[in-house]
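One structure below.
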Amino acid sequence: MKKIILVLCISLLFASCTTIKNIPEDLTAAQLIQKGQDSLVAGQYSNAETYLKTAIQRFGDDPATYVEVRYELANLYYKSHKKAEAAAMYQEIIDMYDSVEYGTLPTAYKRLAEIGLQKLSK
């Protein structure tokens with residue numbers, strides 16, 4: 001009985017630490033972002049980063065998608081205690097809004113990035 005429990009625990013441990021091998025090509029930007037968010041919530045930071053960077057690679061030419069993914073990456077870095085990387089991304093987002101015409105980017109991410117920077121300075 002103890003061996004069965006031990007094998008089960010080890011199997012669960014490896015399953016929770018799995019890394020992404022292949023990301024389907026047909027996933028949309030929203031699906032990749034959602035998978036990144038889900039991985040972040042599950043504490044799978046490496047997987048979250050992979051999904052989010054894939055979203056930028058595939059859909060980063062769309063400014064709205066780019067800013068959303070950069071914000072999600074900044075949050076990922078904040079939660080994984082990579083404060084310098086998080087601060088740089090939050091600042092990049094704020095700077096993006098200063099260099100584009102109003103309405104080009106979703107308005108919420110500028111304010112969210114400002115809040116992220118404020119949290120980092122505490």
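In the structure tokens, chains take letters A, B, ... by order of appearance, with residues numbered from 1 within each chain and ligands from 1 in the order shown.
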Any idea what's packed within 12 Å of Gly116 (chain A), counting only C-alpha atoms, ignoring anything in its chain fewer than 5 positions away? Could you give it as a PyMOL selection string? chain A and resi 71-79+83-94+109-111+121-122
Alpha helix (DSSP H) positions in region 31-118 of chain A, given as a PyMOL selection string: chain A and resi 31-41+45-59+63-79+83-98+108-118
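You can rank A:Glu101, A:Glu114, A:Glu49, A:Glu25 by their closest distance to Pro63 (chain A) using only C-alpha atoms, and at the top of that list sits A:Glu101.
For the choices A:Ser80, A:Glu68, A:Thr28, A:Arg58, the atom-to-atom distance to Gly43 (chain A) is smallest for A:Ser80 when using only C-alpha atoms.
Of the listed residues A:Val69, A:Ile20, A:Leu27, A:Leu120, the one whose atoms come nearest to Asn47 (chain A) is A:Ile20, with distances taken using only C-alpha atoms.
If you look at CA of Ala42 (chain A) and CA of Ile56 (chain A), they are 21.3 Å away from each other.
Rounded to one decimal, CA of Thr54 (chain A) and CA of Ser39 (chain A) lie 13.7 Å from each other.
Restricting the calculation to only C-alpha atoms, the smallest distance between Tyr66 (chain A) and any of A:Ala48, A:Ala29, A:Leu40, A:Ile115 is found for A:Ala29.
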